[in-house]
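Student: Could you have a look at this structure, given as structure tokens, before my questions?
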Amino acid sequence: MIGFYRTAVIDGVLTASPADHVRRPHVPAESPTLGLSHLQFEAMLQAGRASVNINNFALVTMLGLLGLRIFEACGANIQDLREEHGHRVLKVRGKGGKVVLTPLPSAVQRAIERAVDHREDGPILRNRQGGRMDRHAATRRLHHLADEAGINLPRMHPHMLRHTFVTTMLDAGVDLRDVQIAARHADPRTTMRYDRARKNLDRHPNYILAAYMASGT
């Protein structure tokens with residue numbers, strides 16, 4: 001909105017921007033949400049894969065490997081699965097009604113196909129009664145899987161896996177802009193809050209610049 005008013009002033013539509021003195025909300029330097037370590041995430045995936053409940057592995061992969069928000073995962077339907085340019089994708093309805101196509105890695109595709117169990121319509125994730133899984137049932141399942149995986153956390157909740165999705169990509173060296181796109185963050189500052197490795201001197205840009213210049217000398 002601030003950029004809109006600034007453009008209107010430049011174009012002469014307005015003489016001054018009414019947003020000039022608006023204070024932006026404070027954005028903490030780091031996300032207050034706890035994420036899982038790499039080993040904890042692997043343990044959660046293994047617990048989901050070994051679970052007798054076919055929905056559990058699909059839940060963990062949709063949150064942790066696709067980075068879906070819990071309402072997006074629970075709201076996903078079998079009809080949202082499709083082929084697009086040779087990729088198996090899931091149509092995701094996100095914040096503000098925005099719809100995006102998210103490609104499915106092989107592990108996620110197999111987990112979802114197992115949860116779908118040859119059904120042709122209805123929700124991908126189901127509760128024990130066969131209805132649509134909600135966030136409360138999902139949270140209970142994650143608590144159970146964390147116990148099975150031997151993960152001792154004060155409070156396990158679905159957003160921790162989305163948080164882990166972002167931090168793991170950043171730890172793996174994925175470009176910040178690419179992570180922002182994958183996480184569907186409107187503001188890059190939101191993505192930067194998850195970068196727990198940004199103080200890691202091994203990744204400091206000085207080394208990249210020096211290596212680049214040395215290659216030409």
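If you're wondering about the labels, chains in the structure tokens are A, B, ... by order shown, residues count from 1 in each chain, ligands from 1 in order shown.
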Please list as JSON, numbers by chain every residue within 9 Å of stretch 137-151 of chain A, counting only C-alpha atoms and excluding residues in the same chain fewer than 2 positions away.

Tutor: {"A": [40, 43, 44, 45, 46, 47, 48, 51, 56, 59, 60, 70, 74, 127, 133, 134, 135, 153, 155, 156, 157, 158]}

Student: Set the distance at 10 Å and use only C-alpha atoms: which residues neighbour A:His38 once local chain neighbours fewer than 6 positions away are removed? I'd like the list as a compact mmCIF listing (two decimals) with C-alpha atoms, in the first residue's frame.

Tutor:
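Printed below is out-v4.txt as written:
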# COMPACT_ATOMS: atom_id res chain seq x y z
CA MET A 44 9.41 -37.60 12.37
CA THR A 164 11.32 -26.78 9.51
CA THR A 167 14.92 -23.62 7.80
CA THR A 168 16.01 -26.91 6.25
CA ASP A 171 20.46 -24.74 5.79

Student: Compare A:Ile112, A:Gln180, A:Phe71, A:Thr191 by their minimum atom-to-atom distance to A:Gly97, counting only C-alpha atoms, and give me the closest one.

Tutor: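 Result for the nearest residue to A:Gly97: A:Phe71.
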
Student: Can you work out the spacing between atom CA of A:Pro18 and atom CA of A:His185 in Å, to one decimal?

Tutor: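 So the answer is 26.1 Å.
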
Student: Find the residues around A:Arg119 up to 12 Å (only C-alpha atoms counted), leave out those fewer than 5 positions away in its own chain, and share them as a list in words.

Tutor: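 The neighbour list is Asn77, Ile78, Gln79, Ile112, Glu113, Arg114, Ile124, Leu125, Arg126 and Gly130 of chain A.
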
Student: For the structure I just gave you, how does DSSP split stretch 35-93 of chain A - specifically, which residues are strand (DSSP E or B)? Reply as a VMD selection string.

Tutor: chain A and resid 77 81 to 84 87 to 93

Student: Let's see if you can do this: from backbone DSSP, list all helix (DSSP H, G or I) residues in stretch 125-165 of chain A, as a PDB file with N, CA and C atoms, in the first residue's frame.

Tutor:
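Output (part31.pdb):
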ATOM      1  N   ARG A 135      -7.426 -29.418  12.127  1.00  0.00           N
ATOM      2  CA  ARG A 135      -6.147 -29.054  12.735  1.00  0.00           C
ATOM      3  C   ARG A 135      -5.966 -29.676  14.112  1.00  0.00           C
ATOM      4  N   HIS A 136      -7.072 -29.900  14.821  1.00  0.00           N
ATOM      5  CA  HIS A 136      -6.965 -30.481  16.158  1.00  0.00           C
ATOM      6  C   HIS A 136      -6.542 -31.948  16.076  1.00  0.00           C
ATOM      7  N   ALA A 137      -7.171 -32.680  15.149  1.00  0.00           N
ATOM      8  CA  ALA A 137      -6.784 -34.080  14.947  1.00  0.00           C
ATOM      9  C   ALA A 137      -5.344 -34.164  14.439  1.00  0.00           C
ATOM     10  N   ALA A 138      -4.963 -33.247  13.561  1.00  0.00           N
ATOM     11  CA  ALA A 138      -3.597 -33.233  13.034  1.00  0.00           C
ATOM     12  C   ALA A 138      -2.590 -32.995  14.148  1.00  0.00           C
ATOM     13  N   THR A 139      -2.895 -32.068  15.038  1.00  0.00           N
ATOM     14  CA  THR A 139      -1.991 -31.777  16.152  1.00  0.00           C
ATOM     15  C   THR A 139      -1.834 -32.990  17.058  1.00  0.00           C
ATOM     16  N   ARG A 140      -2.929 -33.676  17.321  1.00  0.00           N
ATOM     17  CA  ARG A 140      -2.847 -34.886  18.152  1.00  0.00           C
ATOM     18  C   ARG A 140      -1.977 -35.952  17.485  1.00  0.00           C
ATOM     19  N   ARG A 141      -2.115 -36.086  16.160  1.00  0.00           N
ATOM     20  CA  ARG A 141      -1.317 -37.075  15.439  1.00  0.00           C
ATOM     21  C   ARG A 141       0.172 -36.723  15.511  1.00  0.00           C
ATOM     22  N   LEU A 142       0.491 -35.443  15.387  1.00  0.00           N
ATOM     23  CA  LEU A 142       1.888 -35.026  15.449  1.00  0.00           C
ATOM     24  C   LEU A 142       2.474 -35.259  16.838  1.00  0.00           C
ATOM     25  N   HIS A 143       1.667 -35.027  17.879  1.00  0.00           N
ATOM     26  CA  HIS A 143       2.122 -35.325  19.238  1.00  0.00           C
ATOM     27  C   HIS A 143       2.481 -36.798  19.357  1.00  0.00           C
ATOM     28  N   HIS A 144       1.604 -37.646  18.837  1.00  0.00           N
ATOM     29  CA  HIS A 144       1.814 -39.082  18.917  1.00  0.00           C
ATOM     30  C   HIS A 144       3.069 -39.489  18.141  1.00  0.00           C
ATOM     31  N   LEU A 145       3.239 -38.943  16.947  1.00  0.00           N
ATOM     32  CA  LEU A 145       4.403 -39.286  16.136  1.00  0.00           C
ATOM     33  C   LEU A 145       5.688 -38.789  16.792  1.00  0.00           C
ATOM     34  N   ALA A 146       5.643 -37.606  17.412  1.00  0.00           N
ATOM     35  CA  ALA A 146       6.826 -37.091  18.106  1.00  0.00           C
ATOM     36  C   ALA A 146       7.216 -38.016  19.252  1.00  0.00           C
ATOM     37  N   ASP A 147       6.228 -38.516  19.973  1.00  0.00           N
ATOM     38  CA  ASP A 147       6.510 -39.479  21.047  1.00  0.00           C
ATOM     39  C   ASP A 147       7.129 -40.745  20.476  1.00  0.00           C
ATOM     40  N   GLU A 148       6.561 -41.231  19.372  1.00  0.00           N
ATOM     41  CA  GLU A 148       7.090 -42.435  18.740  1.00  0.00           C
ATOM     42  C   GLU A 148       8.532 -42.234  18.260  1.00  0.00           C
ATOM     43  N   ALA A 149       8.821 -41.007  17.825  1.00  0.00           N
ATOM     44  CA  ALA A 149      10.156 -40.705  17.302  1.00  0.00           C
ATOM     45  C   ALA A 149      11.151 -40.367  18.403  1.00  0.00           C
ATOM     46  N   HIS A 159       2.667 -25.961  12.788  1.00  0.00           N
ATOM     47  CA  HIS A 159       3.490 -24.943  12.141  1.00  0.00           C
ATOM     48  C   HIS A 159       4.977 -25.218  12.316  1.00  0.00           C
ATOM     49  N   MET A 160       5.326 -26.048  13.301  1.00  0.00           N
ATOM     50  CA  MET A 160       6.733 -26.373  13.489  1.00  0.00           C
ATOM     51  C   MET A 160       7.300 -27.076  12.260  1.00  0.00           C
ATOM     52  N   LEU A 161       6.470 -27.857  11.577  1.00  0.00           N
ATOM     53  CA  LEU A 161       6.949 -28.553  10.384  1.00  0.00           C
ATOM     54  C   LEU A 161       7.075 -27.607   9.199  1.00  0.00           C
ATOM     55  N   ARG A 162       6.184 -26.627   9.085  1.00  0.00           N
ATOM     56  CA  ARG A 162       6.348 -25.614   8.032  1.00  0.00           C
ATOM     57  C   ARG A 162       7.606 -24.791   8.320  1.00  0.00           C
ATOM     58  N   HIS A 163       7.820 -24.462   9.577  1.00  0.00           N
ATOM     59  CA  HIS A 163       9.031 -23.752   9.983  1.00  0.00           C
ATOM     60  C   HIS A 163      10.266 -24.571   9.582  1.00  0.00           C
ATOM     61  N   THR A 164      10.207 -25.892   9.844  1.00  0.00           N
ATOM     62  CA  THR A 164      11.318 -26.781   9.512  1.00  0.00           C
ATOM     63  C   THR A 164      11.535 -26.844   8.007  1.00  0.00           C
ATOM     64  N   PHE A 165      10.455 -26.816   7.230  1.00  0.00           N
ATOM     65  CA  PHE A 165      10.535 -26.786   5.766  1.00  0.00           C
ATOM     66  C   PHE A 165      11.402 -25.615   5.309  1.00  0.00           C
TER      67      PHE A 165
END

Student: Please measure the separation of atom CA of A:Arg128 and atom CA of A:Gly75, giving the value in Å to one decimal.

Tutor: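 Here the two named atoms are 16.4 Å from each other.
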